[in-house]
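Report on one structure; see the data block that follows.
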Amino acid sequence: MYTDKKNILQLVALLKAHRIQKIVLCPGSRNIPIVQTLVNIPEFTCYPVTDERSAGFFALGLALNGGSPAAICCTSGTALLNIHPAVAEAFYQQVPLVVISADRPAAWIGQMDGQTLPQPGVFGNLVKKSVNLPEVQSEEDEWYCNRLINEALMELDHHGKGPVHINVPISEPFFKLPVTELPEARVITRYQGLNVYNKDYQPLIDRLNRYQRRMVVVGQMNLIYLFEKKYTKMLYKHFAWFTENISNQTIPGLPIRNIEPLLCSMDFEAQQKMRPELLITYGGHIISKRLKKFLRRHPPVEHWHVAADGQVADLFGSLTTVIEMDPFEFLEKIAPMMDSRTPEYPRTWEALSKNIPQAVFPYSEMSAIGKVINHLPTPCSLHLANSSTVRYAQLFPLPNDVEVLSNRGTNGIEGSLSTALGYATASDKLNFIFIGDLSFFYDMNALWNANYGSNVRILLLNNAGGEIFHALPGLEMQDNSRRFITATHRTSAKAWAEDRGFQYLSVHNEEELDQAVEIFTQPSITSQPMLMEVFTEKDKDIEHLKTYYHNLKK
C-alpha cells in the first residue's frame with residue numbers, strides 16, 4: 001500500500017499532519033513511490049496534470065482558493081525546472097506552495113545518467129525554504145529527515161506566506177509497496193507569540209499544567225536579566241533550572257550549575273528516573289556533553305524551544321514546539337497561568353545537586369582555575385577561551401557580579417583573546433581572561449595592538465599541548481601520531497608578554513600559585529596589565545580529572 005522508502009513515509013505522514021490536502025501529481029518514473037503512497041491516503045485530494053509548467057500554476061490556483069497550502073509533486077530532471085515560473089509567482093504573491101521533487105541518488109548527479117541535474121536549491125531565493133532529504137539508513141537519518149520536513153512545512157506561513165521546496169533522493173528499487181501503515185512522525189509546531197486576542201495557545205498552557213516533571217535548560221546568554229519579584233517565586237518553584245556560568249544571571253532564582261559532576265554521579269537507571277516530561281530551553285549553546293547525552297538518551301515527552309527568531313534548534317532530538325518570542329516575556333506571560341501545585345521534581349534535583357562535593361584538585365590546570373575564580377574581585381568580567389578552559393571553569397561556583405563571556409557560537413580556539421581584549425578596551429571593569437596555550441599562541445597577535453589598557457589580566461594555562469585530546473574517551477594515540485594530534489610545543493609567553501608591557505607572573509607549583517593569585521586578583525587596576533602563566537603536566541592534569549569523576553561514581 002505504501003512505499004518502504006522511509007524519507008517518503010516521513011514526508012507523507014507530515015504532509016498529512018500539517019493538513020496539506022490538495023496535491024497536484026505530475027507523471028514520471030522516479031516519483032512513482034511518492035505518487036503511489038500519496039494516492040492511498042484518503043485525506044489527500046490528488047489532481048493529475050501532465051505538463052509541469054501548467055501543473056505549477058494549477059497548484060498555485062488551488063492554494064489561492066481558500067488560502068491553505070497546496071503541493072505539487074514531479075519527477076527528476078528538467079521536470080522540476082518547468083515549475084520555476086509558478087514558484088516565482090507564488091513567492092512574490094506570497095502563496096503557500098509545497099514543491100516536492102523526486103531525485104536520483106547524489107552519487108549519480110553529473111555522471112551522464114538520465115534525467116539528472118543539481119536539484120537541491122535550484123529555486124535559489126525564490127523559495128522561503130529548500131531542503132534536501134537524506135536517504136534513511138539509520139535512526140539519526142530518520143530524525144534528520146523528519147526535522148528537515150518540519151522546518152520546510154513550518155516556513156510556509158512564517159513571517160508571511162510563500163513556497164518551499166522539498167527534494168527527495170530515491171534509490172532503486174522503488175516500485176514495491178510493502179508498508180501498510182504510515183509512521184508516527186513527530187510534528188513540530190510554531191507559536192508566534194502568545195497574543196491575548198488569539199486563544200489558540202490555550203492548549204499549550206493546558207499541556208504545561210498537565211506535566212509535573214518540568215525542566216528548563218538555559219544556554220549562553222550575554223546579558224543580565226532580573227525578573228520582577230512577583231514572577232520569581234511563581235516560576236522558580238515549578239521547574240528544575242539548569243544553567244552554566246556562560247548563561248549569566250538570566251533565570252528567576254538559584255539554578256543547578258554543577259551539571260557535569262551531578263550527571264556523572266548518576267547511573268543510567270538514576271538518570272531515567274529523573275527524566276523530564278517537559279523540557280523548555282532558551283539561550284544559545286550548551287557546554288555540558290553529559291547534559292546533551294542525558295537528554296538524548298532520556299528524551300522528554302515534549303521539548304519547547306523559546307527564541308525571538310523562531311528558528312528550529314533540535315539539540316536533543318525531541319523538539320516538538322518552537323515559541324517565537326522573547327524568552328523572558330514568555331516566562332512572565334506563563335507565570336500566572338500555571339496551576340498552584342508545587343511539584344517535587346525541582347526539589348529532588350536540588351537535593352541531588354547539593355550532595356555533590358565541591359571540586360578540589362591537587363596542583364593542576366583545574367586547581368589554578370578554581371583558585372582564581374574563588375578570589376575574583378567583584379564586579380568584574382570573566383572571559384573563557386574554548387576547549388578545556390571553558391569546561392573546567394564550570395566545576396567552580398562563581399562569585400556574584402561576575403559577568404561571563406565566551407566565543408561559544410562556533411566553539412573555535414581562534415580569536416578568544418582578541419575578542420576579550422576588544423571587550424576590555426571598551427570596559428571600565430577588570431577583565432580576567434582564562435585561556436589555554438594553543439588558543440593563546442594561535443591568537444598571540446591580539447597583544448600586538450595599542451588599544452587595550454591595564455584592566456586586562458590573562459591566566460594562561462600552559463601544559464605544552466592540547467590537553468583535551470588526552471581526555472577524549474576511546475582515543476588511543478600512538479607515538480608517531482601524538483604530536484600531530486595534540487600540537488605539542490615548548491613555548492612560553494614570558495618574552496612576548498614583557499615586550500608588550502605586561503607584568504609577568506610564572507607558576508610551577510602550588511606554593512607559587514598561591515602567591516601569584518594574591519597579586520593577580522587584587523581588586524584595584526594596576527599600572528600594567530598582567531599575565532600569569534601556569535605550567536602544568538598534561539598527563540597529571542588528566543589523571544587528576546579522571547580521579548575526580550571516578551570518585552563521584554562511588
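Each chain in the C-alpha cells gets a letter, A, B and so on, in the order shown; residues start at 1 in every chain, and ligands are counted from 1 in the order they appear.
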
message = Using only C-alpha atoms, which protein or nucleic acid residues come within 6 Å of segment 246-259 of chain A? Drop anything in the same chain fewer than 2 positions from it, and give the result as a VMD selection string.
response = chain A and resid 219 to 221 224 to 225 227 232 236 241 to 244 261 to 262 404

Using only C-alpha atoms, what table do you get, as CSV, when you list each residue of segment 133-221 of chain A with an atom no more than 10 Å from segment 282-303 of chain A, its nearest pair of atoms, and their distance in Å rounded to one decimal, rows by chain then rising number?
```
residue,atom,partner,partner_atom,distance
A:Ile188,CA,A:His303,CA,9.7
A:Arg207,CA,A:Glu302,CA,9.4
A:Leu208,CA,A:Glu302,CA,9.7
A:Tyr211,CA,A:Val301,CA,9.4
A:Arg213,CA,A:Pro300,CA,9.3
A:Arg214,CA,A:Pro300,CA,9.2
A:Met215,CA,A:Pro300,CA,9.3
A:Val216,CA,A:Tyr282,CA,8.1
A:Val217,CA,A:Tyr282,CA,6.9
A:Val218,CA,A:Tyr282,CA,5.2
A:Gly219,CA,A:Gly283,CA,4.3
A:Gln220,CA,A:Gly284,CA,4.5
A:Met221,CA,A:Gly283,CA,5.6
```

For the selection just defined, write its residues with C-alpha atoms to a file, as a PDB file, in the first residue's frame.
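Output (again_10.pdb):
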```
ATOM      1  CA  ILE A 188       6.976  20.316  15.212  1.00  0.00           C
ATOM      2  CA  ARG A 207      -0.174  20.864  28.329  1.00  0.00           C
ATOM      3  CA  LEU A 208       2.177  22.863  30.523  1.00  0.00           C
ATOM      4  CA  TYR A 211       3.219  17.923  33.294  1.00  0.00           C
ATOM      5  CA  ARG A 213       8.327  16.908  35.796  1.00  0.00           C
ATOM      6  CA  ARG A 214       9.364  20.186  34.166  1.00  0.00           C
ATOM      7  CA  MET A 215      12.921  21.258  33.383  1.00  0.00           C
ATOM      8  CA  VAL A 216      14.375  24.479  31.969  1.00  0.00           C
ATOM      9  CA  VAL A 217      17.831  24.463  30.364  1.00  0.00           C
ATOM     10  CA  VAL A 218      19.372  27.873  29.666  1.00  0.00           C
ATOM     11  CA  GLY A 219      22.168  28.202  27.117  1.00  0.00           C
ATOM     12  CA  GLN A 220      24.647  31.030  26.668  1.00  0.00           C
ATOM     13  CA  MET A 221      23.205  34.492  27.358  1.00  0.00           C
TER      14      MET A 221
END
```

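Proximity of A:Leu25, A:Ala426, A:Leu459, A:Ala152 to Val187 of chain A, computed with only C-alpha atoms, is greatest for A:Ala152.
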
Residues near Leu182 of chain A, anyone? I mean within 12 Å using only C-alpha atoms, not counting same-chain ones fewer than 4 positions away, as a PyMOL selection string. chain A and resi 1-17+37-38+40-41+177-178+186

Show which residues sit within 9 Å of segment 133-140 of chain A, as a count of residues only. Count only C-alpha atoms, and ignore same-chain residues fewer than 2 positions away. 19
